[in-house]
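Visitor: Please read through the structure below; I'll follow up with questions.
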Amino acid sequence: MQHHFHPTVLREYDIRGIIGETLGAEDARAIGRAFGTLLREAGGQTVAVGYDGRVSSPMLEHALVEGVTASGCDVVRIGMSATPMLYYAEASAEQVDGGIQITGSHNPPNYNGFKMVFLGRPFFGADIQKLGKLAADGAFASGAGQVTTRDIMGEYVERLLEGLTGIDPAKLEGLRVGWDAGNGAAGPALEALAARLPGEHHLLFTEVDGHFPNHHPDPTVEANLADLRALVADKQLDFGVAFDGDGDRIGAIDGTGRVIWGDQLLMIYAEDLLKNRPGSTIIADVKASRALFDRVAELGGKPLMWKTGHSLIKSKMKETGAPLAGEMSGHVFFADEYYGFDDALYAGVRLLAAAARLGKSVTELRGAIPPMLNTPELRFQVDESRKFAAMEEIAGRLTTAPGPDVESVNATDGVRVNTADGWWLLRASNTQDVLVARAESETPEGLERLLAQIDAQLALSGLERGESVAH
């Protein structure tokens, strides 16, 4: 039986749509059937399935399981869970060959989607297009798979606690930390974890509620950290940690309420890790501060700039053997003593560990990071048919005739241009009809000059930096 997905649903890193408009139960059933077919073709048999706290998730999970079992694959249901719990279920069990998490991540409540793992690697890009074609052709395998249920909460929390192995408990006992689950799927796991952690822990919004009544669960937007900031100030806590809707992205603030952005967190983790693993490769995406790449090199590590996107970063980690990677968006990946997937709860534990091992408070570690002036991520609408072509034109100009102000151009993902003033970035989003710009300098005047260079390049391609649009 053929199935055609709405054209907006099959995306670069995952499958995502609006419930009742572009995504529904029939799509979930077809995804399960197609994924199961591809897994069986590759010699796999068993798929772990989890879902987040959105109102539509149980309905999609039911249809997805029907689809997977109809392909002849078996299903291990782990129930309502954070995305890293699904990744853990797939990575930690020898008999599990693939995994699908139903999650809308940090999107509004009426969205939902699917994140997938296939034989231990991310399932994205060409894989997702192949799944869509298989469904459109109706070339599904048939069978009658078995369904079992597995409660992994206890063992997952035990595994998280291993992030503190070898640390003198006395160094952790005095820690006082605030945590904000944002009514997302990480709430129950956070409650179980905090009950076991040394120190004093204050939790916000751990009740799973797919309407997100307190604030939107995206910790990279500073406004969403207001409740956590108030908690840290009120209780005079050492620092605070926040999660996105499905628990794979971390946000943090120090004891004074300063945001610790994704690249700054990576600096802290790198300082801790490179003491034990000198010379390691550490990967960050093209949006990260120059200060991070400089700091990794200064600490004796090998900084590697790579493309934005959690699936792309995970693939590059496997290729290079890097023990640590991160993105500005708050995805942090530890392959050091862990599995290499993005897990915000584990990243939270490793922040406690880093402070204890380095003998400095998180506020001190944040304070030591050099101040840089940078723009937020500027996202502006460019027609889907034009965005990649425009980026090719701009990259072509900058590599053939860069102009006197340009010191170097990195074309790993869009263009990242270094000048005496700092750097600027322009890239096409893989998930929206937008171009993304960012610039960083040490002075306000330098930042203005960098933005003027971005505008000049856009103008040469008949575009302008319009109103910034939401992620």
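We name chains A, B, ... following the order of the structure tokens; residues begin at 1 in each chain, and ligands are numbered from 1 as shown.
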Contacts of range 308-311 of chain A at 12 Å or less, counting only C-alpha atoms, minus same-chain residues fewer than 4 places along, as a PyMOL selection string?
Guide: chain A and resi 11-14+115-118+120-127+248-249+283-288+315-318+325-333+340-343+412-414+425-431+436
Visitor: Residues of range 225-453 of chain A classed as strand (DSSP E or B) by DSSP on the backbone are to be reported as an mmCIF file with C-alpha atoms, in the first residue's frame.
Guide:
```cif
data_model
loop_
_atom_site.group_PDB
_atom_site.id
_atom_site.type_symbol
_atom_site.label_atom_id
_atom_site.label_comp_id
_atom_site.auth_asym_id
_atom_site.auth_seq_id
_atom_site.Cartn_x
_atom_site.Cartn_y
_atom_site.Cartn_z
ATOM 1 C CA PHE A 239 24.296 27.464 39.157
ATOM 2 C CA GLY A 240 21.234 26.369 37.190
ATOM 3 C CA VAL A 241 20.549 23.879 34.383
ATOM 4 C CA ALA A 242 17.598 23.842 31.948
ATOM 5 C CA PHE A 243 16.416 21.326 29.348
ATOM 6 C CA ILE A 250 21.042 21.769 27.737
ATOM 7 C CA GLY A 251 21.007 25.403 28.831
ATOM 8 C CA ALA A 252 22.807 26.772 31.896
ATOM 9 C CA ILE A 253 23.321 29.881 34.001
ATOM 10 C CA ASP A 254 25.973 30.578 36.619
ATOM 11 C CA VAL A 259 23.914 32.551 30.616
ATOM 12 C CA ILE A 260 26.508 29.893 29.806
ATOM 13 C CA THR A 281 39.850 16.151 19.028
ATOM 14 C CA ILE A 282 36.946 18.323 20.170
ATOM 15 C CA ILE A 283 34.256 19.222 17.641
ATOM 16 C CA ALA A 284 32.040 22.304 17.589
ATOM 17 C CA ASP A 285 29.683 23.625 14.929
ATOM 18 C CA LYS A 302 42.620 19.569 18.517
ATOM 19 C CA PRO A 303 39.686 21.866 17.709
ATOM 20 C CA LEU A 304 37.586 20.820 14.714
ATOM 21 C CA MET A 305 34.901 23.038 13.194
ATOM 22 C CA TRP A 306 32.036 21.078 11.611
ATOM 23 C CA LEU A 324 33.506 15.420 23.008
ATOM 24 C CA ALA A 325 31.475 17.637 20.698
ATOM 25 C CA GLY A 326 28.876 20.342 21.004
ATOM 26 C CA VAL A 332 26.448 18.220 23.854
ATOM 27 C CA PHE A 333 27.879 14.811 22.935
ATOM 28 C CA PHE A 334 30.115 12.811 25.267
ATOM 29 C CA ASP A 342 23.346 14.097 22.961
ATOM 30 C CA LEU A 373 30.445 40.704 21.537
ATOM 31 C CA ASN A 374 28.286 38.548 19.344
ATOM 32 C CA LEU A 378 19.911 36.091 12.989
ATOM 33 C CA ARG A 379 17.440 34.053 10.940
ATOM 34 C CA PHE A 380 15.668 35.639 7.991
ATOM 35 C CA GLN A 381 13.306 34.243 5.418
ATOM 36 C CA VAL A 406 38.983 39.009 4.447
ATOM 37 C CA GLU A 407 41.740 36.996 6.159
ATOM 38 C CA SER A 408 40.301 33.529 5.524
ATOM 39 C CA VAL A 409 37.092 31.750 4.488
ATOM 40 C CA ASN A 410 35.868 28.406 5.863
ATOM 41 C CA VAL A 415 30.688 30.559 4.791
ATOM 42 C CA ARG A 416 32.516 31.573 7.943
ATOM 43 C CA VAL A 417 34.687 34.606 7.207
ATOM 44 C CA ASN A 418 37.565 35.755 9.421
ATOM 45 C CA THR A 419 38.657 39.404 9.381
ATOM 46 C CA GLY A 422 36.472 38.949 14.224
ATOM 47 C CA TRP A 423 34.277 36.647 12.129
ATOM 48 C CA TRP A 424 30.896 36.400 10.489
ATOM 49 C CA LEU A 425 28.847 33.424 9.353
ATOM 50 C CA LEU A 426 26.169 32.951 6.749
ATOM 51 C CA ARG A 427 24.592 29.542 6.099
ATOM 52 C CA ALA A 428 21.366 28.038 4.786
ATOM 53 C CA VAL A 434 15.819 30.755 6.142
ATOM 54 C CA LEU A 435 19.411 31.925 5.973
ATOM 55 C CA VAL A 436 21.215 32.112 9.309
ATOM 56 C CA ALA A 437 23.772 34.820 10.101
ATOM 57 C CA ARG A 438 25.988 35.401 13.115
ATOM 58 C CA ALA A 439 28.928 37.714 13.841
ATOM 59 C CA GLU A 440 31.407 38.091 16.691
ATOM 60 C CA SER A 441 33.915 40.808 17.514
#
```
Visitor: With a distance cut-off of 10 Å and only C-alpha atoms, select the neighbouring residues of Arg150 in chain A, excluding the residue or stretch itself and same-chain residues fewer than 5 positions from it, and output the selection as a PDB file with all heavy atoms, in the first residue's frame.
Guide:
```
ATOM      1  N   ALA A  48      13.559  -0.125  19.381  1.00  0.00           N
ATOM      2  CA  ALA A  48      13.075   0.501  20.622  1.00  0.00           C
ATOM      3  C   ALA A  48      12.249   1.726  20.243  1.00  0.00           C
ATOM      4  O   ALA A  48      12.602   2.460  19.315  1.00  0.00           O
ATOM      5  CB  ALA A  48      14.255   0.907  21.499  1.00  0.00           C
ATOM      6  N   VAL A  76      10.419  -2.894  21.204  1.00  0.00           N
ATOM      7  CA  VAL A  76      10.573  -2.765  22.662  1.00  0.00           C
ATOM      8  C   VAL A  76      10.051  -1.375  23.018  1.00  0.00           C
ATOM      9  O   VAL A  76      10.642  -0.358  22.642  1.00  0.00           O
ATOM     10  CB  VAL A  76      12.053  -2.888  23.095  1.00  0.00           C
ATOM     11  CG1 VAL A  76      12.172  -2.698  24.599  1.00  0.00           C
ATOM     12  CG2 VAL A  76      12.627  -4.228  22.684  1.00  0.00           C
ATOM     13  N   ARG A  77       8.925  -1.322  23.712  1.00  0.00           N
ATOM     14  CA  ARG A  77       8.329  -0.029  24.082  1.00  0.00           C
ATOM     15  C   ARG A  77       8.921   0.436  25.401  1.00  0.00           C
ATOM     16  O   ARG A  77       8.853  -0.275  26.397  1.00  0.00           O
ATOM     17  CB  ARG A  77       6.827  -0.162  24.261  1.00  0.00           C
ATOM     18  CG  ARG A  77       6.070  -0.570  23.042  1.00  0.00           C
ATOM     19  CD  ARG A  77       4.617  -0.846  23.382  1.00  0.00           C
ATOM     20  NE  ARG A  77       3.787   0.291  23.040  1.00  0.00           N
ATOM     21  CZ  ARG A  77       2.495   0.185  22.706  1.00  0.00           C
ATOM     22  NH1 ARG A  77       1.912  -0.993  22.707  1.00  0.00           N
ATOM     23  NH2 ARG A  77       1.802   1.252  22.404  1.00  0.00           N
ATOM     24  N   ILE A  78       9.483   1.670  25.401  1.00  0.00           N
ATOM     25  CA  ILE A  78      10.003   2.194  26.679  1.00  0.00           C
ATOM     26  C   ILE A  78       9.082   3.254  27.270  1.00  0.00           C
ATOM     27  O   ILE A  78       9.341   3.771  28.343  1.00  0.00           O
ATOM     28  CB  ILE A  78      11.445   2.730  26.535  1.00  0.00           C
ATOM     29  CG1 ILE A  78      11.493   3.960  25.623  1.00  0.00           C
ATOM     30  CG2 ILE A  78      12.380   1.644  26.029  1.00  0.00           C
ATOM     31  CD1 ILE A  78      12.785   4.754  25.775  1.00  0.00           C
ATOM     32  N   GLY A  79       7.989   3.580  26.548  1.00  0.00           N
ATOM     33  CA  GLY A  79       6.985   4.483  27.101  1.00  0.00           C
ATOM     34  C   GLY A  79       7.394   5.948  27.022  1.00  0.00           C
ATOM     35  O   GLY A  79       8.272   6.329  26.251  1.00  0.00           O
ATOM     36  N   ALA A  89      18.407   3.223  25.416  1.00  0.00           N
ATOM     37  CA  ALA A  89      17.790   1.900  25.220  1.00  0.00           C
ATOM     38  C   ALA A  89      18.366   1.224  23.979  1.00  0.00           C
ATOM     39  O   ALA A  89      18.601   0.013  23.968  1.00  0.00           O
ATOM     40  CB  ALA A  89      16.272   2.039  25.092  1.00  0.00           C
TER      41      ALA A  89
END
```
Visitor: Smallest atom-to-atom distance to Ala347 in chain A: which of A:Gly462, A:Gly255, A:Gly367, A:Gly262, using only C-alpha atoms?
Guide: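 Once distances to Ala347 in chain A are computed over only C-alpha atoms, the minimum belongs to A:Gly262.
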Visitor: Between A:Arg33, A:Lys307, A:His216, A:Lys235, which is the closest to Ala411 in chain A once you count only C-alpha atoms?
Guide: A:Lys307
